[in-house]
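Participant: Here you go, data09.txt (compact mmCIF, C-alpha atoms and all ligand atoms):
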# COMPACT_ATOMS: atom_id res chain seq x y z
CA MET J 211 -21.56 -12.53 3.02
CA LYS J 212 -20.33 -11.18 6.38
CA GLU J 213 -20.86 -7.42 6.81
CA VAL J 214 -19.07 -4.82 8.95
CA CYS J 215 -19.63 -1.07 9.17
CA TYR J 216 -17.33 1.90 9.84
CA ASP J 217 -17.62 5.68 9.63
CA VAL J 218 -14.61 5.98 7.30
CA VAL J 219 -13.17 3.24 5.06
CA VAL J 220 -9.68 3.96 3.71
CA CYS J 221 -8.69 1.83 0.71
CA GLY J 222 -4.91 1.26 0.51
CA ALA J 223 -2.28 1.77 3.24
CA GLY J 224 0.40 3.66 1.36
CA VAL J 225 1.56 7.07 2.63
CA ALA J 226 -1.70 8.71 1.46
CA GLY J 227 -3.89 6.03 3.03
CA GLY J 228 -1.89 6.09 6.26
CA ALA J 229 -2.27 9.88 6.52
CA ALA J 230 -5.99 9.68 5.64
CA ALA J 231 -6.70 7.01 8.27
CA VAL J 232 -4.75 8.79 11.02
CA ALA J 233 -6.45 12.12 10.20
CA ALA J 234 -9.94 10.55 10.14
CA ALA J 235 -9.39 8.70 13.43
CA ARG J 236 -7.96 11.82 15.10
CA GLU J 237 -11.26 13.54 14.14
CA GLY J 238 -13.05 10.84 16.13
CA ALA J 239 -14.25 8.69 13.21
CA ASN J 240 -14.44 4.91 13.57
CA THR J 241 -11.90 4.17 10.83
CA VAL J 242 -10.67 1.09 8.99
CA ILE J 243 -7.75 0.89 6.54
CA ILE J 244 -7.57 -2.03 4.09
CA GLU J 245 -4.30 -3.13 2.48
CA LYS J 246 -3.56 -6.00 0.11
CA GLN J 247 0.08 -6.31 1.14
CA CYS J 248 1.69 -7.22 4.46
CA LEU J 249 3.54 -3.93 4.77
CA LEU J 250 2.46 -0.31 5.27
CA GLY J 251 3.68 2.58 3.12
CA GLY J 252 2.97 1.27 -0.41
CA LEU J 253 5.52 2.36 -3.00
CA ALA J 254 7.51 4.28 -0.39
CA THR J 255 8.34 1.08 1.51
CA SER J 256 7.52 -2.13 -0.39
CA GLY J 257 8.35 -0.27 -3.62
CA LEU J 258 11.78 0.61 -2.14
CA ILE J 259 11.36 4.34 -2.75
CA TYR J 260 13.29 5.78 0.16
CA ILE J 261 13.48 9.54 -0.43
CA TYR J 262 10.93 11.77 1.33
CA LEU J 263 10.95 14.65 -1.16
CA PRO J 264 10.89 18.28 0.06
CA LEU J 265 8.20 20.08 2.01
CA CYS J 266 9.66 23.42 0.90
CA ASP J 267 9.68 25.57 -2.24
CA GLY J 268 13.45 25.42 -2.83
CA ASN J 269 13.80 29.07 -1.84
CA GLY J 270 13.79 28.59 1.90
CA LYS J 271 10.01 28.64 2.48
CA GLN J 272 8.16 25.71 4.05
CA LEU J 273 4.98 24.76 2.16
CA ALA J 274 3.46 21.56 3.55
CA ARG J 275 2.82 21.19 7.29
CA GLY J 276 0.51 18.98 9.34
CA LEU J 277 0.83 15.24 8.77
CA ALA J 278 3.20 15.75 5.82
CA GLU J 279 5.73 17.25 8.27
CA GLU J 280 4.91 14.86 11.11
CA MET J 281 5.48 11.88 8.81
CA LEU J 282 8.76 13.33 7.46
CA LYS J 283 10.09 13.70 11.01
CA ARG J 284 8.82 10.28 12.13
CA SER J 285 10.04 8.45 8.98
CA VAL J 286 13.58 8.46 10.43
CA GLU J 287 12.53 7.35 13.93
CA TYR J 288 14.38 4.02 13.57
CA GLY J 289 17.35 5.50 11.63
CA PRO J 290 19.82 5.44 10.05
CA PHE J 291 19.08 8.78 8.33
CA GLU J 292 18.34 12.24 9.79
CA VAL J 293 16.03 15.11 8.90
CA PRO J 294 18.32 18.12 8.27
CA ALA J 295 18.48 20.29 11.39
CA GLN J 296 18.94 23.30 9.15
CA TRP J 297 17.71 23.72 5.62
CA GLY J 298 16.70 26.53 3.33
CA GLY J 299 19.89 28.26 2.29
CA PRO J 300 19.67 31.58 0.49
CA ALA J 301 16.62 32.35 -1.64
CA GLY J 302 17.41 31.16 -5.15
CA GLY J 303 20.12 28.87 -3.76
CA ASP J 304 20.97 25.57 -5.41
CA PRO J 305 18.33 23.03 -4.28
CA GLY J 306 20.83 20.28 -5.05
CA ILE J 307 23.12 21.36 -2.22
CA ALA J 308 22.74 19.04 0.77
CA GLY J 309 20.63 20.62 3.49
CA ASN J 310 19.16 23.21 1.17
CA ARG J 311 15.80 21.47 1.04
CA TYR J 312 13.52 20.18 3.79
CA GLN J 313 13.66 16.50 2.84
CA CYS J 314 15.29 13.26 3.98
CA CYS J 315 15.99 9.61 3.23
CA PHE J 316 14.39 6.88 5.34
CA SER J 317 14.67 3.16 5.86
CA PRO J 318 11.62 1.50 4.20
CA ALA J 319 11.40 -1.06 7.03
CA GLY J 320 11.73 1.62 9.71
CA PHE J 321 9.02 3.75 8.10
CA THR J 322 6.64 0.76 8.05
CA LEU J 323 7.15 0.27 11.81
CA THR J 324 6.47 3.96 12.42
CA LEU J 325 3.33 3.98 10.26
CA ASP J 326 2.04 1.00 12.23
CA LYS J 327 2.67 2.90 15.45
CA MET J 328 0.81 5.96 14.11
CA LEU J 329 -2.22 3.83 13.17
CA GLU J 330 -2.15 2.12 16.55
CA GLU J 331 -1.84 5.41 18.46
CA SER J 332 -4.84 6.88 16.66
CA GLY J 333 -7.00 3.76 17.05
CA VAL J 334 -7.35 2.82 13.38
CA ASP J 335 -8.54 -0.73 12.59
CA LEU J 336 -5.99 -2.24 10.17
CA TRP J 337 -6.75 -5.12 7.77
CA LEU J 338 -3.63 -6.46 6.07
CA ASP J 339 -3.39 -9.11 3.36
CA THR J 340 -6.88 -8.08 2.26
CA LEU J 341 -7.70 -7.33 -1.36
CA ILE J 342 -10.50 -4.97 -2.36
CA ILE J 343 -12.27 -6.77 -5.18
CA GLY J 344 -15.57 -4.99 -5.62
CA ALA J 345 -17.76 -2.04 -4.68
CA GLN J 346 -21.45 -1.48 -4.09
CA LYS J 347 -23.42 1.68 -4.71
CA GLU J 348 -26.75 3.12 -3.66
CA GLU J 349 -27.75 5.30 -6.60
CA ASN J 350 -24.48 7.13 -7.34
CA ARG J 351 -23.04 6.85 -3.83
CA ILE J 352 -20.48 4.16 -2.91
CA SER J 353 -21.84 2.33 0.13
CA ALA J 354 -19.47 -0.65 0.56
CA VAL J 355 -16.34 -2.35 -0.72
CA GLU J 356 -16.11 -6.10 -1.06
CA VAL J 357 -12.85 -7.53 0.27
CA ALA J 358 -11.24 -10.97 0.22
CA ASN J 359 -8.73 -12.49 2.65
CA LEU J 360 -8.14 -15.79 4.44
CA SER J 361 -11.47 -15.33 6.29
CA GLY J 362 -13.27 -15.31 2.93
CA ARG J 363 -15.26 -12.42 1.53
CA THR J 364 -16.57 -9.50 3.61
CA LEU J 365 -18.66 -6.47 2.76
CA VAL J 366 -17.12 -3.41 4.41
CA LYS J 367 -19.75 -0.68 4.62
CA GLY J 368 -18.90 2.95 5.32
CA LYS J 369 -20.40 6.40 5.66
CA CYS J 370 -17.52 7.83 3.60
CA PHE J 371 -14.64 6.26 1.61
CA VAL J 372 -11.10 7.37 0.78
CA ASP J 373 -9.50 5.88 -2.33
CA ALA J 374 -5.75 5.81 -1.57
CA THR J 375 -4.99 2.74 -3.70
CA GLY J 376 -2.49 4.64 -5.86
CA CYS J 377 -4.48 3.54 -8.92
CA ALA J 378 -8.04 4.76 -8.17
CA ARG J 379 -9.05 1.11 -7.81
CA ALA J 380 -11.99 1.66 -5.43
CA ALA J 381 -13.36 4.47 -7.61
CA LYS J 382 -13.01 2.32 -10.72
CA LEU J 383 -14.69 -0.68 -9.07
CA ALA J 384 -17.60 1.64 -8.23
CA GLY J 385 -17.86 2.62 -11.90
CA ALA J 386 -16.02 5.98 -11.88
CA LYS J 387 -14.00 7.13 -14.89
CA VAL J 388 -10.23 6.86 -14.41
CA LEU J 389 -7.44 8.38 -16.51
CA SER J 390 -3.81 7.41 -17.09
CA GLU J 391 -0.53 8.39 -18.76
CA VAL J 392 2.60 6.87 -20.31
CA ASN J 393 5.20 5.46 -17.86
CA HIS J 394 8.89 4.63 -18.14
CA VAL J 395 10.61 1.63 -16.58
CA THR J 396 13.22 2.88 -14.10
CA PRO J 397 13.77 0.11 -11.57
CA TRP J 398 15.06 0.89 -8.10
CA MET J 399 16.32 -1.92 -5.90
CA MET J 400 18.35 -2.63 -2.80
CA GLU J 401 21.97 -3.71 -3.09
CA MET J 402 24.58 -4.95 -0.66
CA ALA J 403 28.15 -3.74 -0.92
CA SER J 404 30.71 -6.53 -1.42
CA ASP J 405 33.37 -5.00 0.79
CA PRO J 406 32.79 -6.58 4.24
CA SER J 407 33.56 -3.26 5.91
CA PHE J 408 30.39 -1.95 4.21
CA PHE J 409 28.31 -4.92 5.29
CA HIS J 410 26.17 -2.94 7.67
CA PHE J 411 22.75 -1.41 7.50
CA THR J 412 23.62 1.88 5.80
CA GLY J 413 25.83 0.18 3.25
CA SER J 414 23.16 -2.31 2.31
CA LEU J 415 20.59 0.46 1.91
CA HIS J 416 22.12 1.34 -1.42
CA ILE J 417 19.50 1.73 -4.10
CA ARG J 418 20.32 2.52 -7.67
CA PRO J 419 18.22 3.68 -10.59
CA PHE J 420 18.90 1.74 -13.77
CA GLY J 421 18.47 3.81 -16.92
CA GLU J 422 16.32 6.89 -16.40
CA HIS J 423 13.54 7.75 -18.89
CA LYS J 424 14.58 5.73 -21.91
CA ALA J 425 11.89 5.92 -24.56
CA GLU J 426 12.31 2.24 -25.44
CA TYR J 427 11.14 1.33 -21.94
CA ALA J 428 7.89 3.29 -22.12
CA ALA J 429 4.56 1.57 -21.46
CA GLU J 430 1.29 3.00 -22.78
CA PRO J 431 -1.99 2.97 -20.82
CA PRO J 432 -4.37 1.37 -20.12
CA TYR J 433 -2.58 -0.91 -17.66
CA ASP J 434 -3.99 -4.40 -17.33
CA GLY J 435 -2.54 -7.44 -15.56
CA ARG J 436 -0.48 -8.52 -18.56
CA LYS J 437 0.98 -5.06 -19.12
CA VAL J 438 1.94 -4.66 -15.45
CA THR J 439 3.65 -8.08 -15.53
CA GLU J 440 5.57 -7.09 -18.67
CA PHE J 441 6.53 -3.75 -17.07
CA ILE J 442 7.93 -5.50 -13.98
CA ARG J 443 9.79 -8.12 -16.03
CA ARG J 444 11.38 -5.44 -18.21
CA GLY J 445 12.73 -3.91 -15.00
CA TRP J 446 14.12 -7.29 -13.91
CA ARG J 447 15.75 -7.74 -17.34
CA MET J 448 17.41 -4.32 -17.00
CA ILE J 449 18.73 -5.28 -13.57
CA ARG J 450 19.93 -8.69 -14.83
CA GLY J 451 21.69 -6.92 -17.67
CA HIS J 452 23.49 -4.79 -15.12
CA TYR J 453 24.79 -7.82 -13.16
CA ASP J 454 25.37 -10.03 -16.21
CA ARG J 455 28.33 -7.80 -17.04
CA PHE J 456 30.22 -9.71 -14.35
CA GLY J 457 31.26 -13.37 -14.25
CA ARG J 458 30.02 -15.56 -11.33
CA ASN J 459 33.42 -15.57 -9.62
CA GLU J 460 34.40 -12.04 -10.48
CA ARG J 461 34.72 -9.57 -7.60
CA ARG J 462 31.87 -7.08 -7.82
CA GLU J 463 31.13 -3.78 -6.19
CA ASN J 464 27.54 -4.66 -5.21
CA TYR J 465 25.11 -7.58 -5.06
CA PRO J 466 21.30 -7.64 -5.33
CA VAL J 467 19.53 -8.17 -2.00
CA HIS J 468 15.95 -7.00 -2.47
CA LEU J 469 13.61 -6.19 -5.38
CA PRO J 470 10.50 -3.99 -5.18
CA ALA J 471 7.39 -5.90 -4.10
CA MET J 472 5.01 -3.66 -6.03
CA PRO J 473 5.15 -2.30 -9.58
CA GLN J 474 7.25 0.86 -9.81
CA ILE J 475 4.76 2.48 -12.16
CA ARG J 476 4.50 6.15 -11.34
CA LYS J 477 1.09 7.01 -12.80
CA ILE J 478 -1.27 4.04 -13.15
CA ALA J 479 -4.69 5.71 -12.90
CA ARG J 480 -6.33 8.74 -11.27
CA ILE J 481 -9.84 10.05 -10.81
CA ASP J 482 -11.50 12.63 -13.05
CA ALA J 483 -12.04 15.25 -10.34
CA LEU J 484 -14.32 18.27 -9.96
CA TYR J 485 -11.04 20.17 -10.55
CA ASN J 486 -8.10 18.53 -12.32
CA LEU J 487 -4.81 20.28 -11.58
CA ALA J 488 -2.72 21.19 -14.64
CA GLU J 489 0.73 22.57 -15.49
CA THR J 490 -0.62 26.14 -15.49
CA ASP J 491 -1.57 25.88 -11.79
CA ALA J 492 1.98 26.46 -10.46
CA GLY J 493 1.89 29.28 -7.92
CA LYS J 494 -1.91 29.68 -8.19
CA HIS J 495 -3.94 30.39 -5.04
CA PHE J 496 -7.20 28.45 -4.73
CA GLU J 497 -10.08 29.69 -2.58
CA HIS J 498 -10.64 26.13 -1.31
CA THR J 499 -6.97 25.23 -0.79
CA ILE J 500 -6.03 22.18 1.30
CA GLY J 501 -2.35 23.21 1.43
CA ALA J 502 0.62 23.32 -0.93
CA ALA J 503 3.19 20.87 -2.27
CA GLY J 504 6.73 21.73 -3.34
CA ASN J 505 8.17 21.31 -6.81
CA TRP J 506 10.84 18.69 -6.17
CA TYR J 507 12.48 19.19 -9.59
CA HIS J 508 13.47 22.83 -9.05
CA PRO J 509 12.53 25.89 -6.96
CA ASP J 510 9.19 27.53 -7.79
CA PRO J 511 6.38 29.23 -5.81
CA GLY J 512 4.73 25.89 -4.92
CA TRP J 513 1.52 24.10 -5.89
CA GLU J 514 -1.70 24.51 -3.96
CA ALA J 515 -4.35 21.80 -4.32
CA PRO J 516 -8.01 22.78 -4.14
CA TYR J 517 -10.39 20.51 -2.18
CA GLU J 518 -12.19 19.86 -5.49
CA SER J 519 -9.14 17.95 -6.83
CA LEU J 520 -9.94 15.18 -4.29
CA VAL J 521 -13.60 14.79 -5.27
CA PRO J 522 -14.58 12.68 -8.31
CA LYS J 523 -16.97 14.24 -10.83
CA ASP J 524 -18.96 11.09 -11.35
CA LEU J 525 -19.10 9.27 -7.97
CA ASP J 526 -20.50 10.29 -4.56
CA GLY J 527 -19.36 9.21 -1.09
CA LEU J 528 -15.63 8.98 -1.94
CA LEU J 529 -12.53 11.20 -1.87
CA ALA J 530 -9.23 10.41 -3.59
CA ALA J 531 -5.84 10.80 -1.88
CA GLY J 532 -2.21 10.51 -2.99
CA ARG J 533 -1.20 9.71 -6.52
CA CYS J 534 -4.77 9.17 -7.73
CA ILE J 535 -6.18 12.68 -7.12
CA GLY J 536 -7.21 14.86 -10.07
CA ALA J 537 -3.86 16.08 -11.40
CA ALA J 538 -2.71 15.75 -15.01
CA GLY J 539 0.64 15.97 -16.84
CA TYR J 540 3.26 18.00 -14.96
CA ALA J 541 0.85 18.60 -12.05
CA TRP J 542 0.60 14.80 -11.63
CA GLU J 543 4.43 14.74 -11.37
CA ILE J 544 4.21 17.22 -8.49
CA PHE J 545 1.33 15.54 -6.63
CA ARG J 546 2.27 11.85 -7.04
CA VAL J 547 5.21 11.95 -4.58
CA ILE J 548 5.43 11.12 -0.86
CA PRO J 549 4.97 14.57 0.80
CA ALA J 550 2.03 15.39 -1.48
CA ALA J 551 0.52 11.97 -0.71
CA ALA J 552 0.65 12.81 3.01
CA LEU J 553 -0.82 16.28 2.37
CA THR J 554 -3.75 15.08 0.26
CA GLY J 555 -4.22 12.03 2.52
CA GLU J 556 -4.64 14.23 5.57
CA ALA J 557 -7.16 16.44 3.76
CA ALA J 558 -9.15 13.48 2.38
CA GLY J 559 -9.23 11.70 5.77
CA THR J 560 -10.29 14.86 7.62
CA ALA J 561 -13.00 15.60 5.04
CA ALA J 562 -14.24 11.98 5.13
CA ALA J 563 -14.55 12.10 8.94
CA LEU J 564 -16.47 15.38 8.79
CA CYS J 565 -18.77 14.01 6.06
CA ALA J 566 -19.45 10.91 8.18
CA GLN J 567 -20.20 13.02 11.26
CA GLU J 568 -22.43 15.52 9.44
CA GLY J 569 -24.11 13.02 7.10
CA LEU J 570 -22.84 14.89 4.02
CA LEU J 571 -21.48 13.91 0.63
CA PRO J 572 -17.90 15.15 -0.02
CA LYS J 573 -19.14 17.50 -2.77
CA ASP J 574 -21.47 19.18 -0.23
CA LEU J 575 -18.97 19.59 2.64
CA PRO J 576 -18.64 23.32 3.43
CA TYR J 577 -15.04 24.39 2.89
CA SER J 578 -15.30 26.75 5.90
CA LEU J 579 -15.79 23.67 8.14
CA LEU J 580 -12.94 21.66 6.57
CA LYS J 581 -10.56 24.61 6.79
CA THR J 582 -10.85 24.90 10.57
CA HIS J 583 -9.92 21.20 10.96
CA LEU J 584 -6.93 20.98 8.59
CA ARG J 585 -3.55 20.85 10.32
CA SER J 586 -1.87 21.26 6.92
CA LEU J 587 -3.29 24.83 6.91
CA ASN J 588 -3.25 25.56 10.62
CA GLY J 589 0.25 24.30 11.51
C1 LIG X 601 10.46 4.57 -9.78
C2 LIG X 601 9.83 5.54 -8.82
C3 LIG X 601 10.62 6.46 -8.14
C4 LIG X 601 10.04 7.36 -7.23
N1 LIG X 601 10.84 8.21 -6.53
C5 LIG X 601 10.29 8.96 -5.52
C6 LIG X 601 11.13 9.69 -4.63
O1 LIG X 601 12.36 9.67 -4.72
N2 LIG X 601 10.52 10.41 -3.63
C7 LIG X 601 9.16 10.50 -3.51
O2 LIG X 601 8.67 11.22 -2.61
N3 LIG X 601 8.36 9.81 -4.34
C8 LIG X 601 8.89 9.02 -5.32
N4 LIG X 601 8.08 8.25 -6.11
C9 LIG X 601 6.63 8.36 -5.95
C10 LIG X 601 6.10 7.81 -4.64
O3 LIG X 601 6.86 6.75 -4.14
C11 LIG X 601 4.67 7.32 -4.75
O4 LIG X 601 3.97 7.93 -5.79
C12 LIG X 601 3.94 7.59 -3.44
O5 LIG X 601 4.61 6.88 -2.42
C13 LIG X 601 2.49 7.16 -3.64
O6 LIG X 601 1.85 7.05 -2.42
P1 LIG X 601 0.30 6.65 -2.41
O7 LIG X 601 -0.02 6.40 -0.99
O8 LIG X 601 -0.49 7.66 -3.16
O9 LIG X 601 0.16 5.30 -3.28
P2 LIG X 601 0.83 3.86 -3.10
O10 LIG X 601 2.15 3.96 -2.49
O11 LIG X 601 0.68 3.20 -4.43
O12 LIG X 601 -0.13 3.13 -2.04
C14 LIG X 601 -1.32 2.49 -2.43
C15 LIG X 601 -1.57 1.31 -1.51
O13 LIG X 601 -2.83 0.73 -1.85
C16 LIG X 601 -2.71 -0.68 -1.89
N5 LIG X 601 -3.73 -1.20 -2.80
C17 LIG X 601 -3.84 -0.97 -4.13
N6 LIG X 601 -4.89 -1.64 -4.63
C18 LIG X 601 -5.45 -2.31 -3.61
C19 LIG X 601 -6.57 -3.18 -3.50
N7 LIG X 601 -7.32 -3.50 -4.56
N8 LIG X 601 -6.88 -3.72 -2.29
C20 LIG X 601 -6.13 -3.39 -1.17
N9 LIG X 601 -5.05 -2.58 -1.23
C21 LIG X 601 -4.73 -2.03 -2.42
C22 LIG X 601 -1.28 -0.91 -2.39
O14 LIG X 601 -0.81 -2.20 -2.04
C23 LIG X 601 -0.53 0.22 -1.68
O15 LIG X 601 -0.03 -0.17 -0.42
C24 LIG X 601 8.63 7.34 -7.02
C25 LIG X 601 7.84 6.40 -7.71
C26 LIG X 601 8.43 5.52 -8.59
C27 LIG X 601 7.57 4.51 -9.31
Could you render the structure as structure tokens?
Ligand SMILES: Cc1cc2nc3c(=O)[nH]c(=O)nc-3n(C[C@H](O)[C@H](O)[C@H](O)COP(=O)(O)OP(=O)(O)OC[C@H]3O[C@@H](n4cnc5c(N)ncnc54)[C@H](O)[C@@H]3O)c2cc1C
Facilitator:
Amino acid sequence: MKEVCYDVVVCGAGVAGGAAAVAAAREGANTVIIEKQCLLGGLATSGLIYIYLPLCDGNGKQLARGLAEEMLKRSVEYGPFEVPAQWGGPAGGDPGIAGNRYQCCFSPAGFTLTLDKMLEESGVDLWLDTLIIGAQKEENRISAVEVANLSGRTLVKGKCFVDATGCARAAKLAGAKVLSEVNHVTPWMMEMASDPSFFHFTGSLHIRPFGEHKAEYAAEPPYDGRKVTEFIRRGWRMIRGHYDRFGRNERRENYPVHLPAMPQIRKIARIDALYNLAETDAGKHFEHTIGAAGNWYHPDPGWEAPYESLVPKDLDGLLAAGRCIGAAGYAWEIFRVIPAAALTGEAAGTAAALCAQEGLLPKDLPYSLLKTHLRSLNG
């Protein structure tokens, strides 16, 4: 099999993977990012999730900085939405009031173009349409991932790996334990308004949730190929049911134009980390913090993540980023969203580059070194 070698190998080019690759390359690491789809951004773009949730605590204080903020600002580069010029409102103000939180909507296509530009600017090697199908280890350390694309199979070796697959796939392929939770089918899609005066970009970017959190649409882990297929088809049935209310020739308000190209399953699998965040960690300060995420449900003091929540207990040479870090229950709800994916991606990519440079395993990286390199902490 053909072999290639990089300092840092990032698995998955969602928001977390994109942030990890950019951060690693900006540290000077020879970095590759491997993505099975032909888009960048993962759920945020091909999954048609178009709301960049807040970087603030809901009481006027900004929490996440660094790449999380850079990506928020750049997500609207190609329009049609804007980042609020002013946000915050009074402490204790209603976070539902427009402009009261530091968040925005973005065009999924526009965000993909921007992510590509960010990878290009930082010199990351991008492999699209490439599926990670296996992993190799030396003792307990992951040393390579096996990938497949139209060139055949390749062994991609690395000094350090970031698992940003959204489902801890690289960690699992290397034999690490992964954990999961129940999920509910709540399909989002893109519609086009029937009124010709609305037939423009903003009008067609209308995405609706169909039936939030209905127990009858719950799917239990573990998720295998059959269960994921059933999950997706249940979503399609719900959407069909919505349109089947109308006759073929009846005038309708909206028409379907685009369905998500990846399963809208919030919590597929995550690593078992050296520290697994839990509901009781709201507002807690960690000595080894990598930065803080906001509670997007309601105002609260914010959620710091310790570096240890990115490091698997049972596998060396790899860090997790995004929705597969060590966070359970309500903490997983906080850390699975877009701004937290950028925050943990930046930390994982920076740590991976430092590990590659220093010849260290992630569990042995001195926090004092990481801290001086993290833009999420240093603005
Ligand atoms: C219904 C729903 C609504 C949501 N609403 C919001 C919202 O309003 N705002 C918000 O901020 N968040 C929301 N989220 C959550 C958010 O969209 C995602 O959790 C977040 O974007 C995850 O980013 P990620 O980079 O960690 O993972 P992902 O986006 O899952 O990215 C992982 C990437 O890895 C790739 N990959 C996976 N396996 C392989 C493999 N074997 N080989 C190669 N590539 C691979 C995938 O194709 C993907 O591109 C929502 C999620 C859902 C399901």
Participant: Provide the atom CA of Arg458 of chain J to atom CA of Thr439 of chain J distance in Å, to one decimal place.
Facilitator: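 For atom CA of Arg458 of chain J relative to atom CA of Thr439 of chain J, the distance reads 27.7 Å.
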Participant: Of the residues J:Ala471, J:Ile442, J:Leu250, J:Cys266, which is the one nearest to ligand LIG 601 (chain X), using only C-alpha atoms and all ligand atoms?
Facilitator: J:Leu250
Participant: What is the distance, in Å and to one decimal place, between atom CA of Ala403 of chain J and atom C8 of ligand LIG 601 (chain X)?
Facilitator: 23.5 Å
Participant: Kindly list the centre and edge lengths in Å, rounded to one decimal, for the axis-aligned box that covers all listed atoms of segment 544-563 of chain J plus 8 Å on each of its six sides, as JSON.
Facilitator:
{"center_x": -4.6, "center_y": 14.2, "center_z": 0.2, "size_x": 36.0, "size_y": 22.1, "size_z": 33.4}
Participant: Do a neighbour search on Ala541 of chain J at 12 Å with all atoms listed in the file, toss out local chain neighbours closer than 5 positions, and write the hits as a short mmCIF file (atom, residue, chain, number, x, y, z; two decimals) with C-alpha atoms, in the coordinates of the input.
Facilitator:
data_model
loop_
_atom_site.label_atom_id
_atom_site.label_comp_id
_atom_site.auth_asym_id
_atom_site.auth_seq_id
_atom_site.Cartn_x
_atom_site.Cartn_y
_atom_site.Cartn_z
CA LYS J 477 1.09 7.01 -12.80
CA ASN J 486 -8.10 18.53 -12.32
CA LEU J 487 -4.81 20.28 -11.58
CA ALA J 488 -2.72 21.19 -14.64
CA GLU J 489 0.73 22.57 -15.49
CA THR J 490 -0.62 26.14 -15.49
CA ASP J 491 -1.57 25.88 -11.79
CA ALA J 492 1.98 26.46 -10.46
CA GLY J 493 1.89 29.28 -7.92
CA ALA J 503 3.19 20.87 -2.27
CA GLY J 504 6.73 21.73 -3.34
CA ASN J 505 8.17 21.31 -6.81
CA TRP J 506 10.84 18.69 -6.17
CA TYR J 507 12.48 19.19 -9.59
CA GLY J 512 4.73 25.89 -4.92
CA TRP J 513 1.52 24.10 -5.89
CA GLU J 514 -1.70 24.51 -3.96
CA ALA J 515 -4.35 21.80 -4.32
CA SER J 519 -9.14 17.95 -6.83
CA ARG J 533 -1.20 9.71 -6.52
CA CYS J 534 -4.77 9.17 -7.73
CA ILE J 535 -6.18 12.68 -7.12
CA GLY J 536 -7.21 14.86 -10.07
CA ARG J 546 2.27 11.85 -7.04
CA VAL J 547 5.21 11.95 -4.58
CA ALA J 550 2.03 15.39 -1.48
#
Participant: Around ligand LIG 601 (chain X), at most 6 Å away and counting only C-alpha atoms and all ligand atoms, which residues are there? Put them as a count of residues only, please.
Facilitator: 37
Participant: Could you jot down the atom CA of Arg236 of chain J to atom CA of Asn350 of chain J separation for me, Å, one decimal place?
Facilitator: 28.3 Å
Participant: Counting all atoms listed in the file, which residue out of J:Val218, J:Met402, J:Val388, J:Ala319 sits closest to Thr255 of chain J?
Facilitator: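 Nearest candidate to Thr255 of chain J out of J:Val218, J:Met402, J:Val388, J:Ala319: J:Ala319.
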Participant: I need every residue sitting at most 8 Å from the point (-8.4, 16.3, 4.6) (coordinates as in the file, all atoms listed in the file considered), written as a tab-separated table (two decimals) with C-alpha atoms, in the frame of the given file.
Facilitator:
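That gives us selection39.tsv:
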chain	number	residue	atom	x	y	z
J	230	ALA	CA	-5.99	9.68	5.64
J	233	ALA	CA	-6.45	12.12	10.20
J	500	ILE	CA	-6.03	22.18	1.30
J	553	LEU	CA	-0.82	16.28	2.37
J	554	THR	CA	-3.75	15.08	0.26
J	555	GLY	CA	-4.22	12.03	2.52
J	556	GLU	CA	-4.64	14.23	5.57
J	557	ALA	CA	-7.16	16.44	3.76
J	558	ALA	CA	-9.15	13.48	2.38
J	559	GLY	CA	-9.23	11.70	5.77
J	560	THR	CA	-10.29	14.86	7.62
J	561	ALA	CA	-13.00	15.60	5.04
J	562	ALA	CA	-14.24	11.98	5.13
J	580	LEU	CA	-12.94	21.66	6.57
J	584	LEU	CA	-6.93	20.98	8.59
Participant: For each of J:Pro473, J:Gly228, J:Gly435, J:Gly368, take the minimum atom-to-atom distance to Asn393 of chain J, counting all atoms listed in the file, then give the residue where this is smallest.
Facilitator: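 Checking each candidate against Asn393 of chain J, we get J:Pro473 as the closest.
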Participant: Using all atoms listed in the file, can you tell me which of J:Ala538, J:Ile449, J:Leu338, J:Ala229 comes closest to Ala358 of chain J?
Facilitator: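 Nearest candidate to Ala358 of chain J out of J:Ala538, J:Ile449, J:Leu338, J:Ala229: J:Leu338.
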Participant: Could you check which of J:Asn459, J:His452, J:Pro549, J:Asn240 is closest to Gly501 of chain J, using only C-alpha atoms?
Facilitator: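 The shortest atom-to-atom distance to Gly501 of chain J comes from J:Pro549.
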Participant: So which residues touch Glu518 of chain J within 9 Å, counting only C-alpha atoms, skipping near sequence neighbours fewer than 2 positions away, as a PyMOL selection string?
Facilitator: chain J and resi 483-486+498-499+515-516+520-522+536+573
Participant: For segment 266-270 of chain J, supply N, CA and C atoms and format the output as a PDB file, in the frame of the given file.
Facilitator:
ATOM      1  N   CYS J 266       9.411  21.979   1.066  1.00  0.00           N
ATOM      2  CA  CYS J 266       9.660  23.420   0.900  1.00  0.00           C
ATOM      3  C   CYS J 266       9.671  23.784  -0.590  1.00  0.00           C
ATOM      4  N   ASP J 267       9.762  25.092  -0.851  1.00  0.00           N
ATOM      5  CA  ASP J 267       9.680  25.570  -2.240  1.00  0.00           C
ATOM      6  C   ASP J 267      11.036  25.654  -2.941  1.00  0.00           C
ATOM      7  N   GLY J 268      12.106  25.330  -2.220  1.00  0.00           N
ATOM      8  CA  GLY J 268      13.450  25.420  -2.830  1.00  0.00           C
ATOM      9  C   GLY J 268      14.055  26.799  -2.670  1.00  0.00           C
ATOM     10  N   ASN J 269      13.289  27.729  -2.105  1.00  0.00           N
ATOM     11  CA  ASN J 269      13.800  29.070  -1.840  1.00  0.00           C
ATOM     12  C   ASN J 269      13.747  29.409  -0.356  1.00  0.00           C
ATOM     13  N   GLY J 270      13.721  28.361   0.461  1.00  0.00           N
ATOM     14  CA  GLY J 270      13.790  28.590   1.900  1.00  0.00           C
ATOM     15  C   GLY J 270      12.436  28.678   2.589  1.00  0.00           C
TER      16      GLY J 270
END
